[in-house]
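The structure appears right after this line, and notes come after that.
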Amino acid sequence: MASVLEIDGGNAPRDAEFGDYFELLKPRVMSLVIFTALVGLVVAPVPVHPMIALASIICIAVGAGASGALNMWWDADIDVKMARTRNRPIPSGRITPGEALAVGVGLSLLSVPMLGLFANWLSAAILAFTIFFYAVIYSMWLKRSTPQNIVIGGAAGAFPPMLGWAVATGGVSIEPILMFAIIFLWTPPHFWALALYRNGDYERAAVPMMPVVAGPQATRRQIFVYALALLAVAIAPAFTSIGGVVYLVIAGALSLWFLRLAVIVGFRAEATAEADGHRAEKRLFKFSILWLFLIFCALALEAALKSAGLSQSLPWLIS
Amino acid sequence: MIGREEHDLHRRRRGRNLALGAVLLAFVALLFGVTIAKLGANAVKPEMSWSQSE
């Protein structure tokens with residue numbers, strides 16, 4: 001009997017490998033989620049048993065992965081039109097949309113109650129809301145309907161440090177809200193820097209990204225405004241219980257450099273950018289990733305120094 | 001040619017099954033670890049145990 005492979009000349013969708021399913025979970029996004037959630041957990045004033053911490057971080061990572069799979073399921077039709085996403089498991093035919101939906105729903109239903117049992121039900125509720133926010137509010141609703149898509153959608157990526165904090169303390173206070181605000185305000189300049197030189201991709205897919213709808217000049221101004229707000233919010237944790245002099249110096253220096261790059265991108269003409277192959281935009285995009293990583297490293301460093309008695313909170317605390 | 005394709009198919013399926021098995025084992029180990037950690041916490045602070053509070 002002729003097999004599918006024989007009829008199709010070997011070009012039929014191949015049986016998926018485990019790695020294809022793993023790719024559905026957006027491992028790069030997941031690594032950022034793990035890192036920021038871990039920092040939220042270690043800077044919290046309540047110590048957590050390492051086993052509970054490990055189990056909780058795994059639940060948060062799996063929940064984030066589940067929302068990634070749901071996003072890929074919903075966006076398969078536009079992913080196939082963009083160079084950046086064309087090779088994802090569904091558009092490349094390695095995984096069927098139905099399988100992706102099953103993985104997304106299954107892992108969501110597993111990760112949320114498990115986090116509730118391992119840690120507490122507040123963190124489980126925040127995780128459930130995060131998955132709902134990313135899959136439904138962002139992917140299904142905002143992404144294709146408003147140029148503010150990533151501004152509001154950025155909230156989904158901003159919850160992990162709050163989740164880590166909630167795992168440790170069972171509550172939410174000013175510190176996790178500021179960590180949330182850092183990622184929330186970081187997302188627009190980060191993505192718009194990319195969108196400025198990937199404009200064609202989003203146009204083809206009819207995704208109303210800011211440069212497509214409002215034009216590059218308006219996007220550049222907005223990048224600058226968000227970078228300015230980000231500078232203030234990034235420094236603010238220095239004046240809370242998780243901050244100190246070390247964090248203030250590191251966050252201040254990094255954020256001023258971020259602002260400098262945002263000023264270059266924000267106030268130059270599109271023709272200049274096209275002439276040099278969007279060098280400044282690419283530099284801002286790359287630095288923004290490093291910036292976020294180093295800011296959270298600085299928070300973790302401050303916590304480590306405090307526990308070793310080598311640093312202390314500033315005298316002017318926001319509480 | 002067909003035989004080689006089928007062989008690849010089987011190899012991929014075996015790899016997928018082994019990886020899934022490893023994930024399930026890791027999940028069992030995680031549940032065991034968390035159980036021990038939670039029991040340990042109650043052994044240190046028996047007044048926090050649910051059985052004591054009833």
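Ordering of the structure tokens sets the chain letters (A, B, ...); residue numbers start at 1 within each chain; ligands are numbered from 1 in the order shown.
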Taking only C-alpha atoms into account, what are the residues of chain A at most 7 Å from chain B, put as JSON, numbers by chain?
{"A": [6, 15, 17, 18, 51, 52, 55]}
Produce a file of the selected residues containing C-alpha atoms, as an mmCIF file, in the first residue's frame.
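What ended up in result-v8.cif:
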data_model
loop_
_atom_site.group_PDB
_atom_site.id
_atom_site.type_symbol
_atom_site.label_atom_id
_atom_site.label_comp_id
_atom_site.auth_asym_id
_atom_site.auth_seq_id
_atom_site.Cartn_x
_atom_site.Cartn_y
_atom_site.Cartn_z
ATOM 1 C CA GLU A 6 5.379 7.926 -1.427
ATOM 2 C CA ASP A 15 5.831 13.534 11.998
ATOM 3 C CA GLU A 17 9.715 15.730 16.876
ATOM 4 C CA PHE A 18 9.682 16.600 20.562
ATOM 5 C CA MET A 51 12.148 22.962 46.046
ATOM 6 C CA ILE A 52 8.994 25.094 46.200
ATOM 7 C CA ALA A 55 8.483 23.919 41.238
#
Enumerate, as a ChimeraX atom specification, the complete set of residues in segment 66-300 of chain A that a backbone-based DSSP assignment places in helix (DSSP H, G or I).
/A:66-79,97-118,121-142,149-169,174-197,199-204,210-213,216-239,245-266,270-275,279-300
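Ranking A:Ala64, A:Ala300, A:Cys59, A:Ile223 by their shortest atom-to-atom distance to Val29 of chain A, with only C-alpha atoms included, puts A:Ala64 first.
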Give me the residues near Thr85 of chain A as an mmCIF file with N, CA and C atoms, in the first residue's frame, where near means some atom within 10 Å (using only C-alpha atoms) and where sequence neighbours in that chain fewer than 5 positions away do not count.
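Once written, selection-v6.cif looks like this:
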data_model
loop_
_atom_site.group_PDB
_atom_site.id
_atom_site.type_symbol
_atom_site.label_atom_id
_atom_site.label_comp_id
_atom_site.auth_asym_id
_atom_site.auth_seq_id
_atom_site.Cartn_x
_atom_site.Cartn_y
_atom_site.Cartn_z
ATOM 1 N N MET A 72 0.608 30.997 18.977
ATOM 2 C CA MET A 72 1.007 30.441 17.668
ATOM 3 C C MET A 72 -0.184 29.804 16.955
ATOM 4 N N ASP A 75 -2.283 32.785 15.624
ATOM 5 C CA ASP A 75 -1.596 33.633 14.647
ATOM 6 C C ASP A 75 -1.003 32.888 13.458
ATOM 7 N N ALA A 76 -1.302 31.591 13.312
ATOM 8 C CA ALA A 76 -0.675 30.794 12.247
ATOM 9 C C ALA A 76 -0.887 31.421 10.862
ATOM 10 N N ILE A 78 -1.097 34.598 10.013
ATOM 11 C CA ILE A 78 -0.235 35.756 9.718
ATOM 12 C C ILE A 78 1.245 35.385 9.867
ATOM 13 N N ASP A 79 1.539 34.368 10.687
ATOM 14 C CA ASP A 79 2.940 33.939 10.855
ATOM 15 C C ASP A 79 3.537 33.483 9.527
ATOM 16 N N VAL A 80 2.700 32.883 8.693
ATOM 17 C CA VAL A 80 3.192 32.350 7.420
ATOM 18 C C VAL A 80 3.575 33.484 6.457
ATOM 19 N N ILE A 90 3.808 25.644 13.197
ATOM 20 C CA ILE A 90 2.531 25.499 12.466
ATOM 21 C C ILE A 90 2.665 25.963 11.008
ATOM 22 N N PRO A 91 3.163 27.209 10.757
ATOM 23 C CA PRO A 91 3.259 27.606 9.338
ATOM 24 C C PRO A 91 4.187 26.715 8.518
ATOM 25 N N SER A 92 5.185 26.100 9.161
ATOM 26 C CA SER A 92 6.097 25.235 8.400
ATOM 27 C C SER A 92 5.532 23.817 8.257
ATOM 28 N N ASP A 201 7.271 43.432 6.883
ATOM 29 C CA ASP A 201 6.716 42.183 7.421
ATOM 30 C C ASP A 201 5.315 42.401 7.975
#
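With atom CA of Tyr134 of chain A on one side and atom CA of Ala156 of chain A on the other, the separation reads 5.4 Å.
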